[in-house]
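What follows is a single structure, written as structure tokens, with notes after it.
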Amino acid sequence: MISVNNLSIEFSSQKLFDNINYVINPNDKIALVGKNGAGKSTMLKIIAGLQKPTEGAVAVPQGVTIGYLPQQMVLADSTTLIEETRKVFAHVQEMHRNLDAMSAELAERTDYDSDEYHALIDRVSSLTEQLAIVASDNYEADIERTLIGLGFLRSDFGRATSEFSGGWRMRIELAKILLQKPDVLLLDEPTNHLDIESIQWLESFLRTNAKAVVLVSHDRAFIDNVTNRTIEISCGKIYDYAVNYSKFVVLRQERIEQQMRAYRNQQKLIADTEDFIERFRYKATKSVQVQSRIKQLAKIERIEVDEVDTSHLSLRFPPAPRSGDFPLIIEDVGKAYGEHQVFDHATFTLRRGEKVAFVGKNGQGKSTLVKCIMNEIPYTGSLRIGHNVKIGYFAQNQAQLLDGEITVFDTIDRVAVGDIRTKIRDILGAFMFGGEASDKKVKVLSGGEKTRLAMIRLLLEPYNLLILDEPTNHLDMKTKDILKQAIKDFDGTVIVVSHDRDFLDGLVQKVYEFSNGEVRECLGGIYEFLEKKKLSSLRELEFSESSKAQQTKSKTPATTKAAPEPQPRVAPARLSYAEQRERDKALRRAGKKVEEAEADVSRRESELADIEAKIAAGDVSPDIFTAHADATKAVENAMSVWELAQTELDELKERYSAG
């Protein structure tokens, strides 16, 4: 569909891309990955037509539409949320106005046999067909569904866009792009301003409703759940894999190992050749061989490997000073702004060494409770900080507190203590401040770079209670892994406010959900919480349906006004022989369906594994990628069939056990 041909781009005489070629096919879901500065965002801008390459071109067929969400944008403040979103359908509204005008003209004209009259009828017919194609009658429902999916409330629809924070205004722009239903969606860090529920909704939307998608994201779980193809940008080249990110990581490691072997062999060849030239440069009898080796050396195409991987660096923070057994005790804490009660009656206790997560939709009070803990705002109830607790707080505005006149290195050097001072350069390199970047003044750094620097400084100071508010928004995957391991090894207490499921997985032992003015505790990790939440939602749905049924029943005419006497509970009657046979037959049928579905899943997964083994062995033909996509889809379909069969069996068992 979209073809990238011989693409090259230079910045300051240094090539960012070098003769890149690839194709974006219909329904491709592509993760664009690479370290910070590799050129991911630049690639999206070039595909979107916002930036010109130095050489090469991007071929976009006529009629193909592109939607692009950048990391930063300027939004208008003169409209309400619903009016701003309706702008997407301005062309539909214009088509309706034109149709109304032409219909009125038809009603007034009487020259039924004229060419002009017939031409007008043709235009009306054509416009009516166009409106039917865009499903114009449903766009209001689409707007509402999309805005609610992204976390807005119906009560927000009439609010001015100027009332929303930057993160919520980015959601408005994302909603507008999704509603346009472009042929190709280009998304640059779309999850940075979304909560977990909105991310899950976006995942589902991109999988089922979107056409082709190219996205840049540091949220591993998100790109794993959405994408089926991974393109890595490294050293000016691209490496294209027809697999999701997790499988790409394995294949990439194999590629890097092969590259390193080839690189070492080539370096040995170069060293041997240079040694021969130096030894025999001035010997007349060897002049022909020397000249031949010099030409041979000049023709060698040097193998490049990516910069040294720093993910093995073990970042250990200074030991946390010992605090009391209960660093934080919260009893009946509440916070209201005017008549709006953000949350109330929050009650829980943190034990020393616990690592917990605050999760929930934006605006439900996560950061508000953190500000209460930091005593930045007044609150109701009792909030006690334990004995000898030293709090380290990473807030969204933390970067603004840095001294802009000193260097990156000095910023860290002034707070580092003990042996950690000897590893400052390594630590800065792990957080993408390697080489000359460590000598930059803080005031010239970007917002993301300042955020990372503030994170390093905070984590090097001797605290025993860390409160981290969205710490991963500007970190790439390797850096997040380093930070995650460092927090796991930290012997103090940690509160993490985050929407990054992969980051929280294996890091926290408790989850506190902020929802509907309450703070609820859930024991277990983030995925246990999400699973329980899903089951809870299903139970609420069942309860809702049961309530509706009761209401419907209560509205039917009664034969008497007197309320019926409550009936005593009796044990379920024993099934007759015929009923038992029917039950056993139904359970056997349902069980057989489950077994057949399980066997089909196993067979499909085996076929997929065979294809992936071929790819790992070096088969990169177009047919193998098509086969991989088909096999992946077949596994997903087989899993869906199994889930339905298992649900049916569980329902039958529950029905018969209840009598």
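Chain identifiers are assigned as A, B, and so on, following the order in which chains appear in the structure tokens; residues are numbered from 1 within each chain, and ligands are numbered from 1 in order of appearance.
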
What lies within 10 Å of A:Leu453 using only C-alpha atoms, ignoring chain neighbours under 2 positions off, as a list in words?
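Listing them by chain and then by number gives Gln398, Ala399, Leu402, Val408, Phe409, Thr411, Ile412, Leu428, Phe431, Met432, Phe433, Val442, Leu445, Gly447, Gly448, Glu449, Lys450, Thr451, Met455, Ile456, Arg457 and Leu458 of chain A.
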
Among the residues of stretch 304-495 of chain A, find those DSSP assigns to strand (DSSP E or B) from the backbone and print them as a ChimeraX atom specification.
/A:328-337,340-350,355-360,380-385,391-394,407,441,465-469,493-495

So, counting only C-alpha atoms, which residue among A:Pro471, A:Val92, A:Glu654, A:Lys593 is closest to A:Val641?
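Smallest distance to A:Val641 is found for A:Lys593.
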
Give me, as a PDB file with all heavy atoms, in the first residue's frame, all polymer residues having an atom no more than 8 Å from stretch 371-382 of chain A, counting only C-alpha atoms and skipping those fewer than 2 positions away in the same chain.
ATOM      1  N   ILE A 330      -2.770   5.220  56.764  1.00  0.00           N
ATOM      2  CA  ILE A 330      -3.827   6.102  56.255  1.00  0.00           C
ATOM      3  C   ILE A 330      -5.164   5.613  56.796  1.00  0.00           C
ATOM      4  O   ILE A 330      -5.513   4.431  56.635  1.00  0.00           O
ATOM      5  CB  ILE A 330      -3.829   6.108  54.709  1.00  0.00           C
ATOM      6  CG1 ILE A 330      -2.570   6.810  54.187  1.00  0.00           C
ATOM      7  CG2 ILE A 330      -5.080   6.757  54.147  1.00  0.00           C
ATOM      8  CD1 ILE A 330      -2.439   6.808  52.678  1.00  0.00           C
ATOM      9  N   GLU A 331      -5.926   6.504  57.436  1.00  0.00           N
ATOM     10  CA  GLU A 331      -7.225   6.139  58.005  1.00  0.00           C
ATOM     11  C   GLU A 331      -8.271   7.181  57.621  1.00  0.00           C
ATOM     12  O   GLU A 331      -8.148   8.363  57.955  1.00  0.00           O
ATOM     13  CB  GLU A 331      -7.136   6.047  59.535  1.00  0.00           C
ATOM     14  CG  GLU A 331      -6.221   4.926  60.026  1.00  0.00           C
ATOM     15  CD  GLU A 331      -6.108   4.913  61.546  1.00  0.00           C
ATOM     16  OE1 GLU A 331      -6.490   5.929  62.171  1.00  0.00           O
ATOM     17  OE2 GLU A 331      -5.636   3.904  62.100  1.00  0.00           O
ATOM     18  N   ASP A 332      -9.284   6.743  56.882  1.00  0.00           N
ATOM     19  CA  ASP A 332     -10.428   7.595  56.508  1.00  0.00           C
ATOM     20  C   ASP A 332      -9.988   8.903  55.847  1.00  0.00           C
ATOM     21  O   ASP A 332     -10.589   9.963  56.083  1.00  0.00           O
ATOM     22  CB  ASP A 332     -11.296   7.904  57.730  1.00  0.00           C
ATOM     23  CG  ASP A 332     -12.112   6.696  58.158  1.00  0.00           C
ATOM     24  OD1 ASP A 332     -12.495   5.913  57.269  1.00  0.00           O
ATOM     25  OD2 ASP A 332     -12.332   6.530  59.364  1.00  0.00           O
ATOM     26  N   VAL A 333      -8.973   8.831  55.014  1.00  0.00           N
ATOM     27  CA  VAL A 333      -8.495  10.044  54.341  1.00  0.00           C
ATOM     28  C   VAL A 333      -9.406  10.357  53.149  1.00  0.00           C
ATOM     29  O   VAL A 333      -9.802   9.461  52.389  1.00  0.00           O
ATOM     30  CB  VAL A 333      -7.034   9.874  53.873  1.00  0.00           C
ATOM     31  CG1 VAL A 333      -6.617  11.019  52.962  1.00  0.00           C
ATOM     32  CG2 VAL A 333      -6.118   9.803  55.088  1.00  0.00           C
ATOM     33  N   GLY A 334      -9.748  11.617  53.002  1.00  0.00           N
ATOM     34  CA  GLY A 334     -10.568  12.060  51.878  1.00  0.00           C
ATOM     35  C   GLY A 334     -10.091  13.396  51.358  1.00  0.00           C
ATOM     36  O   GLY A 334      -9.389  14.143  52.046  1.00  0.00           O
ATOM     37  N   LYS A 335     -10.463  13.693  50.111  1.00  0.00           N
ATOM     38  CA  LYS A 335     -10.106  14.974  49.514  1.00  0.00           C
ATOM     39  C   LYS A 335     -11.227  15.409  48.581  1.00  0.00           C
ATOM     40  O   LYS A 335     -11.692  14.637  47.739  1.00  0.00           O
ATOM     41  CB  LYS A 335      -8.788  14.872  48.733  1.00  0.00           C
ATOM     42  CG  LYS A 335      -8.395  16.156  48.010  1.00  0.00           C
ATOM     43  CD  LYS A 335      -8.205  17.321  48.966  1.00  0.00           C
ATOM     44  CE  LYS A 335      -7.947  18.629  48.238  1.00  0.00           C
ATOM     45  NZ  LYS A 335      -7.902  19.786  49.170  1.00  0.00           N
ATOM     46  N   ALA A 336     -11.660  16.660  48.761  1.00  0.00           N
ATOM     47  CA  ALA A 336     -12.699  17.227  47.900  1.00  0.00           C
ATOM     48  C   ALA A 336     -12.241  18.591  47.402  1.00  0.00           C
ATOM     49  O   ALA A 336     -11.518  19.319  48.093  1.00  0.00           O
ATOM     50  CB  ALA A 336     -14.016  17.357  48.670  1.00  0.00           C
ATOM     51  N   HIS A 345     -12.693   8.188  52.678  1.00  0.00           N
ATOM     52  CA  HIS A 345     -12.568   6.997  53.533  1.00  0.00           C
ATOM     53  C   HIS A 345     -11.458   6.049  53.057  1.00  0.00           C
ATOM     54  O   HIS A 345     -11.580   4.829  53.206  1.00  0.00           O
ATOM     55  CB  HIS A 345     -13.898   6.241  53.620  1.00  0.00           C
ATOM     56  CG  HIS A 345     -15.032   7.083  54.127  1.00  0.00           C
ATOM     57  ND1 HIS A 345     -15.024   7.662  55.381  1.00  0.00           N
ATOM     58  CD2 HIS A 345     -16.196   7.469  53.534  1.00  0.00           C
ATOM     59  CE1 HIS A 345     -16.139   8.349  55.543  1.00  0.00           C
ATOM     60  NE2 HIS A 345     -16.854   8.258  54.439  1.00  0.00           N
ATOM     61  N   SER A 367      -2.762  10.813  41.961  1.00  0.00           N
ATOM     62  CA  SER A 367      -1.775  11.863  42.247  1.00  0.00           C
ATOM     63  C   SER A 367      -2.230  12.752  43.396  1.00  0.00           C
ATOM     64  O   SER A 367      -1.410  13.293  44.142  1.00  0.00           O
ATOM     65  CB  SER A 367      -1.526  12.708  40.991  1.00  0.00           C
ATOM     66  OG  SER A 367      -0.953  11.914  39.964  1.00  0.00           O
ATOM     67  N   THR A 368      -3.550  12.873  43.564  1.00  0.00           N
ATOM     68  CA  THR A 368      -4.082  13.683  44.668  1.00  0.00           C
ATOM     69  C   THR A 368      -3.695  13.072  46.011  1.00  0.00           C
ATOM     70  O   THR A 368      -3.267  13.784  46.929  1.00  0.00           O
ATOM     71  CB  THR A 368      -5.618  13.797  44.558  1.00  0.00           C
ATOM     72  OG1 THR A 368      -5.953  14.376  43.294  1.00  0.00           O
ATOM     73  CG2 THR A 368      -6.180  14.652  45.677  1.00  0.00           C
ATOM     74  N   LEU A 369      -3.828  11.743  46.142  1.00  0.00           N
ATOM     75  CA  LEU A 369      -3.446  11.099  47.403  1.00  0.00           C
ATOM     76  C   LEU A 369      -1.938  11.228  47.638  1.00  0.00           C
ATOM     77  O   LEU A 369      -1.490  11.416  48.774  1.00  0.00           O
ATOM     78  CB  LEU A 369      -3.857   9.625  47.403  1.00  0.00           C
ATOM     79  CG  LEU A 369      -3.522   8.848  48.686  1.00  0.00           C
ATOM     80  CD1 LEU A 369      -4.109   9.537  49.918  1.00  0.00           C
ATOM     81  CD2 LEU A 369      -4.012   7.407  48.605  1.00  0.00           C
ATOM     82  N   ARG A 384      -0.521   9.284  58.787  1.00  0.00           N
ATOM     83  CA  ARG A 384       0.673   9.319  59.629  1.00  0.00           C
ATOM     84  C   ARG A 384       1.882   8.733  58.893  1.00  0.00           C
ATOM     85  O   ARG A 384       1.792   7.649  58.311  1.00  0.00           O
ATOM     86  CB  ARG A 384       0.436   8.533  60.915  1.00  0.00           C
ATOM     87  CG  ARG A 384      -0.458   9.251  61.927  1.00  0.00           C
ATOM     88  CD  ARG A 384      -0.759   8.370  63.108  1.00  0.00           C
ATOM     89  NE  ARG A 384      -1.726   7.327  62.761  1.00  0.00           N
ATOM     90  CZ  ARG A 384      -1.896   6.214  63.461  1.00  0.00           C
ATOM     91  NH1 ARG A 384      -1.160   5.986  64.532  1.00  0.00           N
ATOM     92  NH2 ARG A 384      -2.792   5.327  63.092  1.00  0.00           N
TER      93      ARG A 384
END

A:Val508 environment, 6 Å, only C-alpha atoms, sequence neighbours closer than 5 positions dropped, as a ChimeraX atom specification:
/A:355-356,525

Deliver the residues from the most recent selection as a file, using all heavy atoms, as a PDB file, in the first residue's frame.
ATOM      1  N   LYS A 355       6.152  -2.982  48.054  1.00  0.00           N
ATOM      2  CA  LYS A 355       6.124  -2.234  46.786  1.00  0.00           C
ATOM      3  C   LYS A 355       4.717  -2.353  46.230  1.00  0.00           C
ATOM      4  O   LYS A 355       4.243  -3.454  45.936  1.00  0.00           O
ATOM      5  CB  LYS A 355       7.174  -2.784  45.823  1.00  0.00           C
ATOM      6  CG  LYS A 355       8.605  -2.599  46.345  1.00  0.00           C
ATOM      7  CD  LYS A 355       9.635  -3.260  45.460  1.00  0.00           C
ATOM      8  CE  LYS A 355      11.044  -2.977  45.980  1.00  0.00           C
ATOM      9  NZ  LYS A 355      11.310  -3.554  47.295  1.00  0.00           N
ATOM     10  N   VAL A 356       4.046  -1.212  46.106  1.00  0.00           N
ATOM     11  CA  VAL A 356       2.633  -1.212  45.725  1.00  0.00           C
ATOM     12  C   VAL A 356       2.421  -0.273  44.550  1.00  0.00           C
ATOM     13  O   VAL A 356       3.239   0.611  44.267  1.00  0.00           O
ATOM     14  CB  VAL A 356       1.730  -0.795  46.901  1.00  0.00           C
ATOM     15  CG1 VAL A 356       1.969  -1.682  48.111  1.00  0.00           C
ATOM     16  CG2 VAL A 356       1.928   0.674  47.267  1.00  0.00           C
ATOM     17  N   GLY A 525      -0.223  -9.119  42.033  1.00  0.00           N
ATOM     18  CA  GLY A 525       0.366  -8.231  41.036  1.00  0.00           C
ATOM     19  C   GLY A 525      -0.659  -7.599  40.123  1.00  0.00           C
ATOM     20  O   GLY A 525      -1.868  -7.774  40.285  1.00  0.00           O
TER      21      GLY A 525
END

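In this structure, atom CA of A:Ser234 sits 19.6 Å away from atom CA of A:Asp481.
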
Let me make sure I understand: among A:Ala634, A:Leu16, A:Ile277, A:Ile231, which one has the smallest atom-to-atom distance to A:Leu215 if we use only C-alpha atoms?
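Using only C-alpha atoms, the shortest distance to A:Leu215 belongs to A:Ile231.
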
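Close contacts of A:Ser323, defined as residues with an atom at most 6 Å away when counting only C-alpha atoms, with chain neighbours fewer than 6 positions off set aside, comprise A:His387, A:Asn388, A:Val389.
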
Excluding A:Asn464 and any residue of its chain fewer than 3 positions from it, enumerate the residues within 9 Å of it, using only C-alpha atoms, and give them as a PyMOL selection string.
chain A and resi 319-323+327+352-353+388-392+490-494

One residue among A:Leu608, A:Thr65, A:Tyr337, A:Phe17 is nearest to A:Lys633 when using only C-alpha atoms, and that residue is A:Leu608

Please return as number ranges by chain: the residues of stretch 275-363 of chain A that backbone DSSP assigns to alpha helix (DSSP H).
A: 275-280, 287-299

I'd like the interatomic distance between atom CA of A:Leu202 and atom CA of A:Ser41, to a tenth of an Å.
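If I compute the distance from atom CA of A:Leu202 to atom CA of A:Ser41, I get 20.2 Å.
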
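Counting only C-alpha atoms and comparing A:Phe358, A:Phe11, A:Phe205, A:Tyr22, the residue that lies closest to A:Phe514 is A:Phe358.
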
Considering only C-alpha atoms, can you say which of A:Leu401, A:Val88, A:Ile482, A:Val243 comes closest to A:Ile624?
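The answer is A:Val243, which sits nearest to A:Ile624.
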
Work out how far apart atom CA of A:Lys614 and atom CA of A:Asn19 are and give it in Å to one decimal.
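Between atom CA of A:Lys614 and atom CA of A:Asn19 the gap works out to 27.3 Å.
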
Near A:Glu105, within 10 Å and counting only C-alpha atoms, which residues show up once chain neighbours fewer than 6 positions away are dropped, as a ChimeraX atom specification?
/A:99,117,120

Mind dumping the selected residues with C-alpha atoms as a tab-separated table (two decimals), in the first residue's frame?
chain	number	residue	atom	x	y	z
A	99	LEU	CA	-27.87	17.36	-0.43
A	117	TYR	CA	-32.52	18.48	-14.38
A	120	LEU	CA	-28.97	17.39	-10.86

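Among the candidates A:Phe503, A:Glu301, A:Arg281, A:Thr208, the residue lying nearest to A:Lys480 is A:Phe503 (atoms considered: only C-alpha atoms).
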